[in-house]
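The file model_27.cif comes next; it holds mmCIF, C-alpha atoms.
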```cif
data_model
#
loop_
_atom_site.label_atom_id
_atom_site.label_comp_id
_atom_site.auth_asym_id
_atom_site.auth_seq_id
_atom_site.Cartn_x
_atom_site.Cartn_y
_atom_site.Cartn_z
CA MET A 22 -46.69 -6.25 21.44
CA ALA A 23 -45.55 -8.99 23.80
CA THR A 24 -45.51 -12.55 22.60
CA VAL A 25 -46.22 -15.65 24.63
CA ARG A 26 -43.37 -18.10 24.83
CA GLU A 27 -43.89 -21.67 25.97
CA HIS A 28 -42.61 -20.83 29.47
CA ASP A 29 -44.49 -17.50 29.79
CA TYR A 30 -47.45 -18.56 31.86
CA GLN A 31 -48.72 -18.78 35.39
CA VAL A 32 -50.15 -21.84 37.10
CA GLY A 33 -53.19 -22.04 39.33
CA VAL A 34 -56.09 -24.06 40.61
CA PHE A 35 -59.78 -24.30 39.98
CA ALA A 36 -60.70 -25.41 43.49
CA TYR A 37 -64.12 -26.89 44.17
CA THR A 38 -65.76 -28.53 47.16
CA GLY A 39 -67.55 -31.85 47.49
CA SER A 40 -70.83 -29.91 47.62
CA GLY A 41 -70.12 -28.37 44.20
CA GLU A 42 -69.01 -24.88 45.19
CA VAL A 43 -65.96 -22.97 43.95
CA VAL A 44 -63.23 -21.31 46.03
CA LEU A 45 -62.11 -17.79 45.13
CA VAL A 46 -59.50 -15.47 46.65
CA THR A 47 -58.94 -11.76 46.30
CA ASN A 48 -55.95 -10.37 44.49
CA ARG A 49 -53.35 -8.83 46.80
CA LYS A 50 -54.92 -5.39 46.53
CA GLY A 51 -58.28 -6.86 47.51
CA HIS A 52 -60.07 -5.32 44.54
CA SER A 53 -61.14 -8.39 42.63
CA TRP A 54 -61.91 -12.08 43.07
CA ILE A 55 -59.64 -14.52 41.27
CA LEU A 56 -58.55 -18.14 41.24
CA PRO A 57 -55.45 -19.00 43.30
CA LYS A 58 -52.49 -18.72 40.92
CA GLY A 59 -48.88 -17.69 40.70
CA ASN A 60 -45.67 -17.71 38.73
CA ARG A 61 -43.96 -20.89 37.67
CA GLU A 62 -40.90 -22.12 39.51
CA LYS A 63 -38.04 -23.54 37.46
CA LYS A 64 -37.23 -26.29 39.94
CA ARG A 65 -40.82 -27.36 40.58
CA SER A 66 -43.34 -29.03 38.28
CA ASP A 67 -46.36 -26.95 37.26
CA ARG A 68 -48.62 -29.38 39.08
CA LEU A 69 -46.72 -29.02 42.36
CA GLN A 70 -46.53 -25.25 41.94
CA ALA A 71 -50.30 -25.07 41.45
CA LYS A 72 -50.82 -27.05 44.65
CA ARG A 73 -48.42 -24.73 46.46
CA GLU A 74 -50.29 -21.63 45.22
CA ALA A 75 -53.59 -23.10 46.46
CA PHE A 76 -52.07 -23.53 49.92
CA GLU A 77 -50.20 -20.20 50.06
CA GLU A 78 -53.03 -18.01 48.75
CA ALA A 79 -56.12 -19.81 50.06
CA GLY A 80 -55.07 -22.40 52.65
CA LEU A 81 -56.37 -25.22 50.48
CA GLU A 82 -55.38 -28.85 50.58
CA GLY A 83 -56.84 -31.38 48.22
CA SER A 84 -56.55 -33.74 45.30
CA LEU A 85 -55.15 -32.19 42.15
CA HIS A 86 -56.24 -33.74 38.88
CA TYR A 87 -53.43 -34.64 36.49
CA LYS A 88 -55.03 -33.01 33.44
CA HIS A 89 -54.47 -29.28 33.07
CA TYR A 90 -56.29 -26.65 31.02
CA ASP A 91 -54.54 -23.73 29.31
CA PHE A 92 -56.25 -20.36 28.97
CA GLN A 93 -55.10 -17.23 27.14
CA PHE A 94 -55.93 -13.81 28.57
CA TYR A 95 -57.24 -11.08 26.28
CA ASP A 96 -54.04 -9.11 25.84
CA LYS A 97 -52.44 -12.32 24.46
CA SER A 98 -49.37 -11.73 26.61
CA LYS A 99 -50.54 -13.87 29.52
CA LYS A 100 -51.37 -17.53 29.66
CA LEU A 101 -52.74 -19.43 32.64
CA ARG A 102 -52.40 -23.18 33.19
CA ILE A 103 -55.13 -24.41 35.53
CA TYR A 104 -55.36 -27.70 37.41
CA SER A 105 -58.67 -28.64 38.99
CA MET A 106 -58.58 -29.49 42.68
CA LYS A 107 -61.18 -31.18 44.83
CA VAL A 108 -60.77 -29.49 48.21
CA LYS A 109 -60.28 -31.78 51.19
CA ALA A 110 -59.36 -29.14 53.79
CA MET A 111 -59.49 -25.36 54.16
CA LEU A 112 -56.94 -24.22 56.71
CA ASN A 113 -57.41 -21.01 58.69
CA ASP A 114 -53.68 -20.39 58.97
CA PHE A 115 -51.79 -20.07 55.67
CA PRO A 116 -48.97 -17.85 54.36
CA GLU A 117 -51.09 -15.12 52.71
CA VAL A 118 -54.00 -15.08 55.17
CA ARG A 119 -53.38 -11.40 55.99
CA GLU A 120 -53.09 -10.41 52.32
CA ARG A 121 -56.18 -12.08 50.85
CA LYS A 122 -59.77 -12.97 51.53
CA ARG A 123 -61.13 -16.40 50.69
CA MET A 124 -64.68 -17.23 49.66
CA VAL A 125 -66.52 -20.47 49.03
CA THR A 126 -69.52 -19.77 46.84
CA THR A 127 -71.84 -21.16 44.22
CA PHE A 128 -70.75 -21.17 40.61
CA ASP A 129 -73.57 -18.80 39.68
CA ARG A 130 -72.45 -16.24 42.27
CA ALA A 131 -68.77 -16.67 41.38
CA GLU A 132 -69.55 -15.99 37.72
CA LYS A 133 -71.08 -12.64 38.71
CA MET A 134 -68.14 -11.63 40.91
CA VAL A 135 -65.02 -12.32 38.83
CA LYS A 136 -63.49 -10.34 35.98
CA GLU A 137 -64.27 -11.47 32.45
CA GLU A 138 -61.07 -13.47 31.92
CA TYR A 139 -61.82 -15.57 35.02
CA LEU A 140 -65.49 -15.82 34.09
CA LYS A 141 -64.59 -17.74 30.94
CA ILE A 142 -62.32 -20.08 32.89
CA ILE A 143 -64.98 -20.82 35.52
CA GLN A 144 -67.67 -21.38 32.89
CA GLU A 145 -65.47 -23.70 30.85
CA LEU A 146 -64.25 -25.80 33.77
CA ARG A 147 -67.71 -25.97 35.29
CA LYS A 148 -68.86 -27.69 32.09
CA ARG A 149 -65.89 -30.03 31.92
CA ILE A 150 -65.79 -31.13 35.55
CA PHE A 151 -69.45 -31.22 36.56
#
```

Spit out the file's structure as structure tokens when you get a sec.
Amino acid sequence: MATVREHDYQVGVFAYTGSGEVVLVTNRKGHSWILPKGNREKKRSDRLQAKREAFEEAGLEGSLHYKHYDFQFYDKSKKLRIYSMKVKAMLNDFPEVRERKRMVTTFDRAEKMVKEEYLKIIQELRKRIF
């Protein structure tokens, strides 16, 4: 069984709009809706890497909150550090535009569309931020 070390985690964003909707992207295979996230970079802070993932995967620009939230996935081998982001702009041209779909939707609809591990993250951050 794999163990989680302090540096074994990904970073991502919980992106929301001023009208109180959440932004989701598809995974690269297009099979499921997820939050923008990616692997850590040794030479970049987690906060900056999260902002980069939001841009690369979803074309998002916005204000990243300083506080992060750590979540453990069910198999205990994966951890996800999430920063909340209030979206200021959604660009139509971004690095992974041909690999992913992007959706802006209500929290209720998002909770019905994501896999269970993301469902818990969305529910928890919805309570904390709104």

task: Please provide as a PyMOL selection string all residues within 9 Å of range 131-133 of chain A, with the sequence filter that same-chain residues fewer than 2 positions apart are discarded (counting all atoms listed in the file).
output: chain A and resi 43-45+54+125-129+135-137+139-141+143-144

Give as an mmCIF file with C-alpha atoms, keeping the file's coordinate frame the set of residues within 12 Å of the point (-58.7, -14.7, 53.9), where distances use the file's coordinates and all atoms listed in the file.
```cif
data_model
loop_
_atom_site.group_PDB
_atom_site.id
_atom_site.type_symbol
_atom_site.label_atom_id
_atom_site.label_comp_id
_atom_site.auth_asym_id
_atom_site.auth_seq_id
_atom_site.Cartn_x
_atom_site.Cartn_y
_atom_site.Cartn_z
ATOM 1 C CA VAL A 44 -63.230 -21.310 46.030
ATOM 2 C CA LEU A 45 -62.110 -17.790 45.130
ATOM 3 C CA VAL A 46 -59.500 -15.470 46.650
ATOM 4 C CA THR A 47 -58.940 -11.760 46.300
ATOM 5 C CA ASN A 48 -55.950 -10.370 44.490
ATOM 6 C CA ARG A 49 -53.350 -8.830 46.800
ATOM 7 C CA GLY A 51 -58.280 -6.860 47.510
ATOM 8 C CA TRP A 54 -61.910 -12.080 43.070
ATOM 9 C CA PRO A 57 -55.450 -19.000 43.300
ATOM 10 C CA PHE A 76 -52.070 -23.530 49.920
ATOM 11 C CA GLU A 77 -50.200 -20.200 50.060
ATOM 12 C CA GLU A 78 -53.030 -18.010 48.750
ATOM 13 C CA ALA A 79 -56.120 -19.810 50.060
ATOM 14 C CA GLY A 80 -55.070 -22.400 52.650
ATOM 15 C CA LEU A 81 -56.370 -25.220 50.480
ATOM 16 C CA MET A 111 -59.490 -25.360 54.160
ATOM 17 C CA LEU A 112 -56.940 -24.220 56.710
ATOM 18 C CA ASN A 113 -57.410 -21.010 58.690
ATOM 19 C CA ASP A 114 -53.680 -20.390 58.970
ATOM 20 C CA PHE A 115 -51.790 -20.070 55.670
ATOM 21 C CA PRO A 116 -48.970 -17.850 54.360
ATOM 22 C CA GLU A 117 -51.090 -15.120 52.710
ATOM 23 C CA VAL A 118 -54.000 -15.080 55.170
ATOM 24 C CA ARG A 119 -53.380 -11.400 55.990
ATOM 25 C CA GLU A 120 -53.090 -10.410 52.320
ATOM 26 C CA ARG A 121 -56.180 -12.080 50.850
ATOM 27 C CA LYS A 122 -59.770 -12.970 51.530
ATOM 28 C CA ARG A 123 -61.130 -16.400 50.690
ATOM 29 C CA MET A 124 -64.680 -17.230 49.660
ATOM 30 C CA VAL A 125 -66.520 -20.470 49.030
#
```

field: Pick from A:Asp67, A:Glu42, A:Glu145, A:Glu138 nearest to Tyr104 in chain A, counting all atoms listed in the file
entry: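 Closest candidate: A:Asp67.
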
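Here CA of Phe94 in chain A stands at a distance of 24.4 Å from CA of Lys107 in chain A.
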
Six-sided padding of 4 Å per side, axis-aligned box over range 119-135 of chain A, centre and edges in Å, one decimal, as JSON:
```
{"center_x": -63.3, "center_y": -15.8, "center_z": 46.9, "size_x": 28.5, "size_y": 18.8, "size_z": 26.3}
```

message: Using all atoms listed in the file and a cutoff of 7 Å, can you tell me which residues are near (-59.8, -21.5, 28.5) in the file's coordinates, and write them out as a list in words?
response: Tyr90, Asp91, Phe92, Gln93, Lys141, Ile142 and Glu145 of chain A

- prompt: Taking into account only C-alpha atoms, which residue in the set A:His86, A:His52, A:Lys148, A:Lys99 is nearest to Met134 in chain A?
  reply: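 For Met134 in chain A, the nearest of the candidates is A:His52.
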
Generate N, CA, C and O atoms for range 73-86 of chain A and emit them as an mmCIF file, in the frame of the given file.
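What follows is the written file out.cif:
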```cif
data_model
loop_
_atom_site.group_PDB
_atom_site.id
_atom_site.type_symbol
_atom_site.label_atom_id
_atom_site.label_comp_id
_atom_site.auth_asym_id
_atom_site.auth_seq_id
_atom_site.Cartn_x
_atom_site.Cartn_y
_atom_site.Cartn_z
ATOM 1 N N ARG A 73 -49.036 -25.667 45.520
ATOM 2 C CA ARG A 73 -48.420 -24.730 46.460
ATOM 3 C C ARG A 73 -49.168 -23.392 46.480
ATOM 4 O O ARG A 73 -49.397 -22.808 47.527
ATOM 5 N N GLU A 74 -49.548 -22.894 45.297
ATOM 6 C CA GLU A 74 -50.290 -21.630 45.220
ATOM 7 C C GLU A 74 -51.637 -21.750 45.938
ATOM 8 O O GLU A 74 -52.072 -20.818 46.618
ATOM 9 N N ALA A 75 -52.301 -22.885 45.792
ATOM 10 C CA ALA A 75 -53.590 -23.100 46.460
ATOM 11 C C ALA A 75 -53.418 -23.018 47.976
ATOM 12 O O ALA A 75 -54.249 -22.428 48.681
ATOM 13 N N PHE A 76 -52.332 -23.581 48.485
ATOM 14 C CA PHE A 76 -52.070 -23.530 49.920
ATOM 15 C C PHE A 76 -51.667 -22.112 50.354
ATOM 16 O O PHE A 76 -52.209 -21.568 51.312
ATOM 17 N N GLU A 77 -50.706 -21.507 49.652
ATOM 18 C CA GLU A 77 -50.200 -20.200 50.060
ATOM 19 C C GLU A 77 -51.269 -19.111 50.009
ATOM 20 O O GLU A 77 -51.355 -18.274 50.906
ATOM 21 N N GLU A 78 -52.074 -19.093 48.948
ATOM 22 C CA GLU A 78 -53.030 -18.010 48.750
ATOM 23 C C GLU A 78 -54.389 -18.259 49.398
ATOM 24 O O GLU A 78 -55.106 -17.312 49.707
ATOM 25 N N ALA A 79 -54.768 -19.527 49.581
ATOM 26 C CA ALA A 79 -56.120 -19.810 50.060
ATOM 27 C C ALA A 79 -56.182 -20.835 51.195
ATOM 28 O O ALA A 79 -57.264 -21.119 51.687
ATOM 29 N N GLY A 80 -55.053 -21.404 51.592
ATOM 30 C CA GLY A 80 -55.070 -22.400 52.650
ATOM 31 C C GLY A 80 -55.754 -23.690 52.262
ATOM 32 O O GLY A 80 -56.343 -24.376 53.093
ATOM 33 N N LEU A 81 -55.671 -24.039 50.981
ATOM 34 C CA LEU A 81 -56.370 -25.220 50.480
ATOM 35 C C LEU A 81 -55.457 -26.431 50.408
ATOM 36 O O LEU A 81 -54.305 -26.331 50.002
ATOM 37 N N GLU A 82 -56.027 -27.562 50.789
ATOM 38 C CA GLU A 82 -55.380 -28.850 50.580
ATOM 39 C C GLU A 82 -56.392 -29.725 49.864
ATOM 40 O O GLU A 82 -57.589 -29.645 50.137
ATOM 41 N N GLY A 83 -55.907 -30.534 48.946
ATOM 42 C CA GLY A 83 -56.840 -31.380 48.220
ATOM 43 C C GLY A 83 -56.171 -32.208 47.157
ATOM 44 O O GLY A 83 -54.946 -32.241 47.032
ATOM 45 N N SER A 84 -57.003 -32.874 46.384
ATOM 46 C CA SER A 84 -56.550 -33.740 45.300
ATOM 47 C C SER A 84 -56.508 -32.953 44.003
ATOM 48 O O SER A 84 -57.522 -32.428 43.559
ATOM 49 N N LEU A 85 -55.328 -32.891 43.414
ATOM 50 C CA LEU A 85 -55.150 -32.190 42.150
ATOM 51 C C LEU A 85 -55.286 -33.196 41.015
ATOM 52 O O LEU A 85 -54.671 -34.254 41.047
ATOM 53 N N HIS A 86 -56.099 -32.876 40.041
ATOM 54 C CA HIS A 86 -56.240 -33.740 38.880
ATOM 55 C C HIS A 86 -54.983 -33.616 38.024
ATOM 56 O O HIS A 86 -54.327 -32.581 38.005
#
```
